[in-house]
Each structure stands twice: as structure tokens, then as C-alpha cells.
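Colleague: What follows is entry_2.cif; its format and atoms are mmCIF, C-alpha atoms and all ligand atoms.
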```
data_target
loop_
_atom_site.label_atom_id
_atom_site.label_comp_id
_atom_site.auth_asym_id
_atom_site.auth_seq_id
_atom_site.Cartn_x
_atom_site.Cartn_y
_atom_site.Cartn_z
CA MET A 1 63.05 72.92 75.53
CA GLN A 2 64.36 76.47 75.96
CA ILE A 3 64.59 78.22 79.31
CA LEU A 4 65.34 81.88 79.86
CA VAL A 5 67.16 82.65 83.11
CA LEU A 6 66.88 86.20 84.44
CA ASN A 7 68.93 87.89 87.14
CA ALA A 8 67.61 91.37 87.90
CA GLY A 9 69.78 93.83 89.82
CA SER A 10 68.91 97.38 90.88
CA SER A 11 70.01 98.86 87.53
CA SER A 12 70.79 95.72 85.55
CA LEU A 13 69.18 92.66 84.00
CA LYS A 14 71.31 89.65 83.11
CA TYR A 15 69.90 86.90 80.92
CA GLN A 16 70.86 83.51 79.52
CA LEU A 17 68.81 81.37 77.18
CA PHE A 18 69.49 77.65 77.61
CA ASN A 19 68.79 74.77 75.26
CA MET A 20 67.89 72.16 77.90
CA GLU A 21 68.38 69.23 75.55
CA THR A 22 72.07 70.04 75.08
CA GLY A 23 72.67 72.23 78.15
CA GLU A 24 74.12 74.86 75.82
CA VAL A 25 73.78 78.61 76.28
CA MET A 26 72.17 79.85 73.06
CA ALA A 27 72.54 83.53 73.93
CA LYS A 28 73.32 85.64 76.93
CA GLY A 29 73.77 89.25 77.84
CA THR A 30 73.33 92.15 80.21
CA CYS A 31 71.22 95.27 80.25
CA GLU A 32 72.87 97.96 82.34
CA ARG A 33 72.13 101.48 83.55
CA ILE A 34 68.41 100.71 83.69
CA GLY A 35 66.58 103.84 84.84
CA ALA A 36 69.56 106.08 84.04
CA GLY A 37 70.11 105.67 80.31
CA GLY A 38 70.60 102.10 79.19
CA THR A 39 72.95 99.71 77.42
CA ILE A 40 72.59 96.15 76.17
CA THR A 41 75.40 93.71 75.50
CA HIS A 42 74.19 90.58 73.72
CA LYS A 43 76.35 87.54 72.96
CA ARG A 44 75.85 84.40 70.89
CA PRO A 45 78.36 81.63 70.41
CA GLY A 46 80.33 82.15 67.21
CA ALA A 47 79.13 85.73 66.67
CA GLU A 48 80.60 89.11 67.51
CA PRO A 49 79.01 90.59 70.67
CA PHE A 50 76.30 93.15 69.90
CA TYR A 51 76.30 96.37 71.93
CA GLU A 52 73.63 99.02 71.92
CA GLU A 53 72.91 102.22 73.85
CA ILE A 54 69.17 102.49 74.23
CA ASP A 55 66.76 104.12 76.65
CA LEU A 56 65.80 101.56 79.32
CA PRO A 57 63.55 103.35 81.82
CA ASN A 58 62.67 100.17 83.73
CA HIS A 59 63.08 96.38 83.88
CA GLU A 60 60.03 95.77 81.72
CA GLU A 61 61.45 97.86 78.89
CA ALA A 62 64.81 96.12 79.31
CA LEU A 63 63.19 92.69 79.04
CA LYS A 64 61.17 93.74 75.98
CA ASN A 65 64.43 94.68 74.28
CA VAL A 66 66.05 91.40 75.29
CA ILE A 67 63.15 89.43 73.80
CA GLU A 68 63.33 91.48 70.60
CA LEU A 69 67.03 90.66 70.32
CA LEU A 70 66.48 86.97 71.02
CA ASP A 71 64.01 86.60 68.16
CA SER A 72 65.47 89.21 65.79
CA GLU A 73 66.62 88.33 62.26
CA GLU A 74 70.09 89.73 62.81
CA HIS A 75 71.06 88.77 66.36
CA GLY A 76 68.43 86.23 67.29
CA VAL A 77 68.58 82.56 68.20
CA ILE A 78 64.85 81.75 68.17
CA LYS A 79 62.15 82.33 65.57
CA SER A 80 59.43 83.43 67.95
CA ILE A 81 58.98 84.13 71.65
CA ASP A 82 56.73 81.06 71.78
CA GLU A 83 59.95 79.05 71.76
CA ILE A 84 60.69 80.24 75.32
CA ASP A 85 59.14 77.42 77.34
CA ALA A 86 59.80 78.75 80.84
CA VAL A 87 61.58 81.49 82.76
CA GLY A 88 63.80 81.02 85.81
CA HIS A 89 64.41 83.97 88.12
CA ARG A 90 67.38 84.35 90.40
CA VAL A 91 66.14 85.75 93.70
CA ALA A 92 68.69 86.62 96.39
CA HIS A 93 66.39 86.29 99.40
CA GLY A 94 63.50 83.90 100.02
CA GLY A 95 62.96 84.79 103.68
CA GLU A 96 61.43 82.13 105.91
CA MET A 97 58.60 81.13 103.55
CA CYS A 98 60.43 80.49 100.29
CA ARG A 99 62.54 77.60 101.51
CA GLN A 100 63.00 75.96 98.13
CA SER A 101 62.75 76.84 94.45
CA MET A 102 59.10 77.37 93.55
CA LYS A 103 56.74 78.52 90.85
CA VAL A 104 56.17 82.26 90.73
CA THR A 105 52.63 83.02 91.88
CA GLU A 106 50.95 86.16 93.14
CA LYS A 107 51.32 84.75 96.66
CA VAL A 108 55.09 84.37 96.23
CA ILE A 109 55.45 87.91 94.86
CA LYS A 110 53.31 89.31 97.70
CA TYR A 111 55.44 87.50 100.28
CA LEU A 112 58.66 88.77 98.71
CA GLU A 113 57.24 92.29 98.95
CA THR A 114 56.73 91.83 102.70
CA ILE A 115 60.41 90.94 103.20
CA VAL A 116 61.82 93.93 101.30
CA PRO A 117 62.78 95.55 104.65
CA ILE A 118 65.30 92.74 105.26
CA ASN A 119 66.37 92.64 101.60
CA PRO A 120 66.27 96.29 100.54
CA LEU A 121 68.91 96.15 97.80
CA HIS A 122 68.02 92.97 95.95
CA GLY A 123 64.31 92.51 96.73
CA PRO A 124 62.77 95.34 94.66
CA PRO A 125 64.67 94.56 91.42
CA ALA A 126 63.93 90.82 91.71
CA ILE A 127 60.22 91.59 92.10
CA ALA A 128 60.41 94.07 89.19
CA GLY A 129 62.05 91.36 87.06
CA MET A 130 59.27 88.87 87.84
CA LYS A 131 56.52 91.39 87.12
CA ALA A 132 58.25 92.45 83.89
CA ALA A 133 58.43 88.82 82.76
CA GLN A 134 54.74 88.28 83.59
CA ASP A 135 53.87 91.25 81.38
CA VAL A 136 56.26 90.55 78.51
CA LEU A 137 55.85 86.75 78.44
CA PRO A 138 52.26 86.21 79.60
CA GLY A 139 51.30 82.62 80.27
CA VAL A 140 54.90 81.35 80.29
CA PRO A 141 55.52 79.36 83.48
CA MET A 142 58.07 80.90 85.83
CA VAL A 143 60.14 79.60 88.68
CA ALA A 144 61.98 81.55 91.37
CA VAL A 145 65.25 80.13 92.64
CA PHE A 146 66.43 81.61 95.92
CA ASP A 147 70.04 82.07 97.03
CA THR A 148 68.90 81.42 100.58
CA SER A 149 66.96 78.21 100.07
CA PHE A 150 69.99 75.87 100.20
CA TYR A 151 70.14 76.85 103.88
CA SER A 152 66.55 76.06 104.71
CA GLU A 153 67.49 72.95 106.67
CA ILE A 154 70.18 74.54 108.82
CA GLU A 155 69.47 73.84 112.48
CA ASP A 156 68.20 76.60 114.75
CA PHE A 157 71.32 76.78 116.93
CA ARG A 158 73.26 77.71 113.80
CA TYR A 159 70.85 80.35 112.54
CA VAL A 160 69.58 82.03 115.70
CA TYR A 161 71.91 84.80 116.88
CA PRO A 162 72.56 85.09 120.62
CA ILE A 163 70.65 88.35 120.98
CA PRO A 164 67.15 88.78 122.54
CA TYR A 165 64.99 86.06 120.97
CA GLU A 166 62.21 88.48 120.06
CA PHE A 167 64.43 89.97 117.30
CA TYR A 168 64.33 86.57 115.61
CA GLU A 169 60.67 85.88 116.33
CA LYS A 170 59.24 89.30 115.55
CA ASP A 171 61.75 90.83 113.16
CA GLY A 172 63.19 87.87 111.28
CA VAL A 173 66.74 88.61 112.41
CA ARG A 174 68.51 85.28 111.82
CA ARG A 175 71.17 83.74 109.60
CA TYR A 176 69.79 83.25 106.10
CA GLY A 177 72.96 82.57 104.12
CA PHE A 178 73.56 83.55 100.49
CA HIS A 179 75.19 82.23 97.29
CA GLY A 180 73.27 79.00 97.98
CA THR A 181 72.71 78.21 94.30
CA SER A 182 76.45 78.35 93.68
CA HIS A 183 77.32 76.20 96.71
CA ARG A 184 74.61 73.71 95.72
CA TYR A 185 75.88 73.54 92.13
CA VAL A 186 79.57 73.04 92.92
CA SER A 187 78.93 70.48 95.67
CA ALA A 188 76.74 68.44 93.30
CA LYS A 189 79.33 68.81 90.53
CA LEU A 190 82.06 67.57 92.88
CA ALA A 191 80.07 64.45 93.73
CA GLU A 192 79.55 63.90 90.00
CA VAL A 193 83.26 64.19 89.12
CA LEU A 194 84.27 62.01 92.07
CA GLY A 195 81.63 59.47 91.02
CA LYS A 196 80.34 59.27 94.61
CA PRO A 197 76.85 59.77 96.05
CA ILE A 198 76.70 63.24 97.58
CA GLU A 199 74.96 61.68 100.62
CA GLU A 200 78.33 60.17 101.53
CA LEU A 201 80.42 63.35 101.27
CA LYS A 202 81.45 66.05 103.72
CA ILE A 203 82.44 69.11 101.69
CA VAL A 204 83.49 72.69 102.39
CA THR A 205 82.65 74.91 99.42
CA CYS A 206 84.46 78.26 99.16
CA HIS A 207 82.68 80.76 96.89
CA LEU A 208 85.30 83.50 96.65
CA GLY A 209 84.39 86.48 94.49
CA ASN A 210 83.74 90.14 95.10
CA GLY A 211 81.30 88.80 97.67
CA SER A 212 82.47 85.60 99.34
CA SER A 213 80.96 82.86 101.44
CA ILE A 214 81.92 79.46 102.75
CA THR A 215 79.49 76.62 103.31
CA ALA A 216 79.65 73.26 105.06
CA VAL A 217 77.80 70.68 102.95
CA ASP A 218 77.22 67.41 104.78
CA GLY A 219 75.55 64.64 102.79
CA GLY A 220 74.37 67.12 100.15
CA LYS A 221 72.76 69.46 102.70
CA ALA A 222 74.15 72.81 103.79
CA ILE A 223 74.56 72.63 107.55
CA ASP A 224 76.26 75.98 108.13
CA THR A 225 77.43 78.98 106.15
CA SER A 226 79.49 82.10 106.72
CA MET A 227 77.05 84.74 105.46
CA GLY A 228 74.27 85.61 107.85
CA PHE A 229 71.33 87.97 108.17
CA THR A 230 72.89 89.85 105.26
CA PRO A 231 75.74 89.08 102.84
CA GLN A 232 77.95 91.19 105.12
CA GLU A 233 78.87 88.46 107.60
CA GLY A 234 81.79 86.08 107.14
CA ILE A 235 85.21 86.54 105.58
CA GLU A 236 86.82 89.71 104.25
CA MET A 237 85.44 90.58 100.79
CA GLY A 238 86.20 93.07 98.00
CA THR A 239 84.67 96.05 99.80
CA ARG A 240 82.82 94.36 102.70
CA SER A 241 84.36 93.90 106.11
CA GLY A 242 82.87 90.51 106.86
CA THR A 243 82.51 89.69 110.56
CA ILE A 244 83.87 92.27 112.98
CA ASP A 245 83.30 92.96 116.66
CA PRO A 246 79.83 94.59 116.62
CA THR A 247 80.88 97.16 119.18
CA ILE A 248 83.26 98.67 116.61
CA VAL A 249 80.13 99.87 114.84
CA THR A 250 78.60 101.67 117.81
CA TYR A 251 82.04 102.91 118.95
CA LEU A 252 82.68 104.60 115.58
CA MET A 253 79.16 105.98 115.42
CA LYS A 254 79.51 107.48 118.88
CA THR A 255 83.04 108.84 118.51
CA LYS A 256 82.89 109.99 114.86
CA GLY A 257 79.23 110.91 114.65
CA TYR A 258 78.51 108.62 111.70
CA SER A 259 74.88 108.00 110.81
CA ALA A 260 73.58 104.45 110.36
CA GLN A 261 73.75 104.94 106.58
CA GLU A 262 77.32 106.23 106.69
CA MET A 263 78.34 103.30 108.86
CA GLU A 264 76.70 100.85 106.48
CA ASP A 265 78.54 102.44 103.55
CA ILE A 266 81.86 102.14 105.37
CA LEU A 267 81.28 98.45 106.13
CA ASN A 268 79.80 97.58 102.73
CA LYS A 269 81.65 99.76 100.27
CA LYS A 270 84.87 100.96 101.86
CA SER A 271 86.13 97.96 103.82
CA GLY A 272 87.50 94.54 102.92
CA LEU A 273 90.42 94.28 100.49
CA LEU A 274 89.86 97.90 99.45
CA GLY A 275 89.73 99.25 102.99
CA VAL A 276 92.79 97.40 104.26
CA SER A 277 94.99 97.79 101.17
CA GLY A 278 93.84 101.32 100.33
CA LEU A 279 94.34 100.28 96.69
CA SER A 280 91.56 98.21 95.17
CA ASN A 281 88.67 95.85 95.80
CA ASP A 282 89.96 93.62 93.01
CA CYS A 283 91.87 90.67 94.41
CA ARG A 284 94.07 90.48 91.30
CA ASN A 285 95.32 94.04 91.86
CA VAL A 286 95.77 93.57 95.59
CA SER A 287 97.64 90.28 95.02
CA ALA A 288 99.92 91.94 92.44
CA ALA A 289 100.68 94.80 94.84
CA ALA A 290 101.38 92.32 97.64
CA ALA A 291 103.77 90.43 95.37
CA ASN A 292 105.54 93.75 94.71
CA GLY A 293 106.10 94.28 98.41
CA ASP A 294 103.15 96.54 99.33
CA LYS A 295 102.67 95.88 103.05
CA ARG A 296 99.00 96.80 103.33
CA ALA A 297 98.14 94.75 100.26
CA GLU A 298 99.99 91.82 101.83
CA LEU A 299 98.06 92.35 105.06
CA ALA A 300 94.73 92.40 103.19
CA ILE A 301 95.59 89.11 101.46
CA LYS A 302 96.74 87.53 104.74
CA ILE A 303 93.48 88.50 106.45
CA LEU A 304 91.52 86.95 103.56
CA ALA A 305 93.44 83.67 103.47
CA ASN A 306 93.40 83.30 107.25
CA GLY A 307 89.67 84.00 107.38
CA ILE A 308 88.99 81.23 104.86
CA LYS A 309 91.24 78.83 106.79
CA LYS A 310 89.36 79.51 110.03
CA TYR A 311 86.00 78.73 108.42
CA ILE A 312 87.30 75.52 106.86
CA GLY A 313 88.66 74.42 110.23
CA SER A 314 85.45 75.25 112.06
CA TYR A 315 83.35 73.39 109.50
CA VAL A 316 85.54 70.30 109.80
CA ALA A 317 84.77 70.47 113.52
CA GLU A 318 81.03 70.92 112.90
CA MET A 319 80.86 68.05 110.39
CA ASN A 320 83.29 65.85 112.32
CA GLY A 321 85.20 65.14 109.13
CA LEU A 322 86.04 66.33 105.65
CA ASP A 323 86.24 64.66 102.25
CA ALA A 324 86.76 67.65 99.99
CA VAL A 325 87.33 71.38 99.70
CA VAL A 326 86.03 73.19 96.62
CA PHE A 327 87.14 76.60 95.39
CA THR A 328 84.84 78.53 93.07
CA ALA A 329 83.87 82.03 91.73
CA GLY A 330 86.20 84.78 90.47
CA ILE A 331 88.95 84.42 93.06
CA GLY A 332 88.43 80.72 93.83
CA GLU A 333 88.51 79.72 90.16
CA ASN A 334 91.32 81.98 89.04
CA GLN A 335 93.70 82.88 91.83
CA SER A 336 96.16 80.12 92.64
CA ASN A 337 97.96 82.40 95.12
CA ILE A 338 94.88 82.56 97.38
CA ARG A 339 94.23 78.80 97.14
CA SER A 340 97.86 78.16 97.97
CA ARG A 341 97.83 80.37 101.05
CA VAL A 342 94.55 78.91 102.29
CA CYS A 343 95.76 75.32 101.93
CA ALA A 344 99.23 75.88 103.38
CA ASN A 345 99.81 74.18 106.74
CA MET A 346 96.53 72.30 106.68
CA SER A 347 98.00 68.80 106.56
CA TYR A 348 96.76 68.11 110.09
CA LEU A 349 93.25 68.26 108.62
CA GLY A 350 94.30 66.21 105.59
CA ILE A 351 94.30 69.15 103.17
CA GLU A 352 97.40 69.19 100.97
CA ILE A 353 97.54 70.56 97.44
CA ASP A 354 99.93 69.90 94.57
CA GLU A 355 101.44 73.36 94.04
CA GLU A 356 102.33 72.60 90.45
CA LYS A 357 98.80 71.52 89.57
CA ASN A 358 97.45 74.51 91.48
CA GLU A 359 99.65 76.87 89.48
CA ASN A 360 99.10 75.22 86.08
CA PHE A 361 95.39 74.42 86.49
CA THR A 362 93.01 74.36 83.53
CA ARG A 363 90.38 77.08 83.66
CA GLY A 364 86.70 76.47 82.98
CA VAL A 365 86.51 72.80 83.96
CA PRO A 366 86.50 70.95 87.30
CA PHE A 367 90.18 70.61 88.16
CA ASN A 368 91.75 68.43 90.84
CA ILE A 369 94.65 70.13 92.69
CA THR A 370 95.02 67.48 95.42
CA LYS A 371 98.54 66.34 96.33
CA GLU A 372 98.98 62.66 95.74
CA GLY A 373 98.23 60.70 98.89
CA ALA A 374 96.37 63.54 100.64
CA LYS A 375 93.40 62.47 102.74
CA VAL A 376 91.15 65.31 101.55
CA GLN A 377 90.39 66.14 97.92
CA THR A 378 90.84 69.77 96.84
CA TRP A 379 89.17 70.90 93.63
CA VAL A 380 88.63 74.04 91.59
CA ILE A 381 85.11 73.92 90.13
CA PRO A 382 83.66 76.70 87.95
CA THR A 383 80.31 77.72 89.30
CA ASP A 384 77.22 77.95 87.07
CA GLU A 385 74.35 79.42 89.01
CA GLU A 386 72.36 80.15 85.85
CA TYR A 387 72.42 76.53 84.73
CA MET A 388 71.36 75.41 88.20
CA ILE A 389 68.43 77.86 87.97
CA ALA A 390 67.55 76.49 84.52
CA LEU A 391 67.59 72.92 85.90
CA ASP A 392 65.29 73.84 88.81
CA THR A 393 63.01 75.69 86.39
CA LYS A 394 62.80 72.66 84.11
CA LYS A 395 61.93 70.49 87.10
CA LEU A 396 59.23 72.74 88.55
CA ALA A 397 57.74 74.88 85.77
CA PHE A 398 55.41 72.26 84.33
CA ASN A 399 54.05 70.68 87.51
P1 LIG B 1 83.23 87.44 91.04
O1 LIG B 1 82.51 88.29 92.04
O2 LIG B 1 82.96 86.00 91.17
O3 LIG B 1 83.08 87.95 89.63
O4 LIG B 1 84.81 87.60 91.36
C1 LIG B 1 85.50 88.83 91.29
C2 LIG B 1 86.88 88.67 91.92
O5 LIG B 1 87.60 87.61 91.24
C3 LIG B 1 87.75 89.91 91.84
O6 LIG B 1 88.36 90.14 93.10
C4 LIG B 1 88.82 89.54 90.83
O7 LIG B 1 90.05 90.11 91.14
C5 LIG B 1 88.93 88.03 90.99
N1 LIG B 1 89.54 87.44 89.80
C6 LIG B 1 90.79 86.99 89.71
N2 LIG B 1 91.07 86.52 88.50
C7 LIG B 1 89.99 86.67 87.76
C8 LIG B 1 89.67 86.37 86.41
N3 LIG B 1 90.54 85.82 85.57
N4 LIG B 1 88.44 86.66 86.01
C9 LIG B 1 87.54 87.21 86.85
N5 LIG B 1 87.79 87.51 88.13
C10 LIG B 1 89.00 87.24 88.60
#
```
Written as C-alpha cells, how would this file's structure read?

Modeller:
Amino acid sequence: MQILVLNAGSSSLKYQLFNMETGEVMAKGTCERIGAGGTITHKRPGAEPFYEEIDLPNHEEALKNVIELLDSEEHGVIKSIDEIDAVGHRVAHGGEMCRQSMKVTEKVIKYLETIVPINPLHGPPAIAGMKAAQDVLPGVPMVAVFDTSFYSEIEDFRYVYPIPYEFYEKDGVRRYGFHGTSHRYVSAKLAEVLGKPIEELKIVTCHLGNGSSITAVDGGKAIDTSMGFTPQEGIEMGTRSGTIDPTIVTYLMKTKGYSAQEMEDILNKKSGLLGVSGLSNDCRNVSAAAANGDKRAELAIKILANGIKKYIGSYVAEMNGLDAVVFTAGIGENQSNIRSRVCANMSYLGIEIDEEKNENFTRGVPFNITKEGAKVQTWVIPTDEEYMIALDTKKLAFN
């Protein structure tokens, strides 16, 4: 069985074709600059990447080109598009209705259209990706996997904000949480490598990338998470502020005359590691500058590590215990300096890492960095959201 996983962004379309018998990625790639030119990068194991500049006016045209590549003589991995058994779509926001992965139907697409106001950046491209796939691969079953659905069982006192209740009831202002597919994947992977039923584990998963979130997973269920109504809440990120005193927003708007859009740009695109360091949104660059004595870079890194620590501590309190901490995504999987700072002085909670293992970890596989004798396990686990989407698609597409 072969499953195509699609992840549509505003001007991009990422794809991976999985062989579900072996779990292998047969081909993957990215279309970029959709609507403003167009490029495709297409990769197959054991072959040189193929790169092409080609006019891609919309997602449908991009997907047509992807399918042509997948079954082409020269760069293909299948003989005909009939070999694509199902399509899995990554969808950032499922709102209150799409509480679990589900088959793509007209009703689902219509609902997603109604929640575009609360998901203005990611909603329209995800819908465009689904419609494009319906046109290009008619009759092929499709499943939507939502980043928010891992949080569908969070209790109301953790998702309702303490503002007038009507904003929740009438406007859908509540915590939704994001990166759920990643948190779900790494928590399940941890249980697998520990050889324990996930129902018996209390885990804090730290997805640290350009966007970052932390989730408390108790017995396999997410009970709380750092991102909220939007992916802006939580810890400091590459260019996002994370949680700040909300009055800072109105104070700056009043005193500097910023519009709502300008304020959003400041908090989304000019804050975080970039805003504090003044150097870069890339944690590698900021870490290197901090190591070279740059004070603002050091401050940015301290804010990040301390923010992660505070969430871990609060989730231990919420779960009344902790068996494991997992680090994943670009920073979590690759930056030992951040893991080291987060885990320093956490022995009271049972978190102690082996600095040598942390420094000399093996990339690309689940890696245990726990200090011998520590009460809590600490692991680095590469995330694989696409494979998780493929698994859900396999489970649901043919029902
Ligand atoms: P992501 O959003 O998951 O792609 O993560 C991006 C972040 O991971 C950036 O801040 C990078 O600096 C950081 N990072 C550190 N090391 C690496 C690496 N070897 N590969 C990719 N990202 C890395």
C-alpha cells in the first residue's frame, strides 16, 4: 500500500510517498513559491535530488507536477497514479468539530472554511491542498490529520481563558494547541522504546523548532499544552514572543500608534530569539553568538531555556508525577546546549542528564541521555509527523 502525505502551506506544498508495508519513504519533496513563480525539489533514496523552476500558479498545478514526477520514467517511483492508494493531509487547525483524524468529506471542507477566521494563515492553503487532491486524484480516499486533535480531550479549565465567557461560546476563543501530531508521535515512540504501555506513563514532550510547544501527556492523552488560541502562546520561539503580559500589546499600540496588523507582525515576526538577540531567529546562530560572549544572544538563550523549565515544572505539578521528558524537532533533536541548560538543576524533580551522552548523542534515532540512577528518563526522539499522518490515513481511509 502506498500513501501520499501532503502538507500545504500558503506558498508551498510538501509531499512524501510512503510504502506502508516497509514504512519507507519512496520519494519526497517540496514545491515552493506557489503563486509567485514556482520551484520543485524532488528526492528519492539513492538518487541525486531533482530541482526544477516551473510556473506553479496554484496548489492544483503544483500537485499535478508532483504526480507527474512520481510516475515519470526518469524521476518516478511508481508506474501509474493508480498505485497511490490514499492521501493524508496535514491540517493545522481542526477547530471544535474536527477532534480526531477523519476522512475528507464535503462536510469537513465546509466546516474548515467556517473556521478560517481563527486560522487565517494555515486554513486556506490546507483547504486548497484538499481540493487540489480531489481534482488531481479523483476517487482516491483522503484523510485529514489535525495538529489540534491531540488536545481534544483537554479539560475545560485548561482550555477556557479567564476572559468573558461569551468570547469562548460565541467566538471560539479557547486554547486549541498545536504540533499535536508531533507530540503524539514522540510520546508513542517513547513508550515503544521503553517497552512500557503508554497508559502507564507521564511524559512531558518538548517540540522545540522555529515554532515550539510543550505538552503534558498523561497515560497517552495530552492533558495540557503551551500553545493556545494560536501558535503564539507559550515559550519564546524563533521570531514569536510566546506568552507576554497582554497589556504590553495595548500599551505599545496606544503609545506608539501601532495598528493591530503591525502589532501582530512585531509579536510574530520580530520577537523571540530574533527580537531579543537582534541577530537571528536561528537557534544555532544565537547559541554560537552566546558562546562567543554576545550578551543579548546569551539573554535570548536564557529566556528560552528558563521558559521550557517552567513548563516542565508546571506539568509535573499538573500530572502529579513524571516518568520522562522528550526533546524533539530542530532544536530539541540537535542542540545539546539547550537540552543541557533546560535539564540543569532539575534533580529535585528527578531530571538529570548524562552530559557526555547529551553531547555525543546519535542523530536520527531515539537516544537516551538519562544519567544513570536518575528517577526520570530523558530522551531525544526525532519527530516524524508525516509518518504519523500516513499511519492515521491507513487506519481511516478504507473504512
Ligand atoms: P524546525 O522548525 O523543527 O525545523 O527547527 C528549526 C530550528 O532548529 C532552528 O532554530 C535551528 O537553529 C535549529 N537547529 C539546530 N540544529 C539544527 C540542525 N542540525 N538541523 C536543523 N535545525 C537545527

Colleague: Could you check how far atom CA of A:Gly220 sits from atom CA of A:Glu385, in Å to one decimal?

Modeller: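 That distance, rounded to one decimal, is 16.6 Å.
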
Colleague: Given all atoms listed in the file as the basis, pick out the residue of A:Ile303, A:Tyr159, A:Tyr15, A:Tyr165 nearest to A:Met227.

Modeller: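 Between A:Ile303, A:Tyr159, A:Tyr15, A:Tyr165, the residue approaching A:Met227 most closely is A:Tyr159.
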
Colleague: With only C-alpha atoms and all ligand atoms as the basis for distance, which of A:Asn210, A:Ser271, A:Thr247, A:Thr205 is at the shortest distance from ligand LIG 1 (chain B)?

Modeller: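 Answer, going by the shortest atom-to-atom distance: A:Asn210.
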
Colleague: Box for ligand LIG 1 (chain B) - axis-aligned, 3 Å on each of the six sides, all listed atoms - centre and size in Å to one decimal, as AutoDock Vina command-line options.

Modeller:
```
--center_x 86.8 --center_y 88.0 --center_z 89.3 --size_x 14.6 --size_y 10.3 --size_z 13.5
```

Colleague: Got a sec: who's within 12 Å of A:Asn306, counting only C-alpha atoms, leaving out chain neighbours fewer than 3 positions off, as number ranges by chain?

Modeller: A: 234-236, 299-303, 309-313, 338-346

Colleague: Would you work out the distance separating atom CA of A:Gly332 from atom CA of A:Met102, expressed in Å to one decimal?

Modeller: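 Atom-to-atom, atom CA of A:Gly332 to atom CA of A:Met102, that is 29.5 Å.
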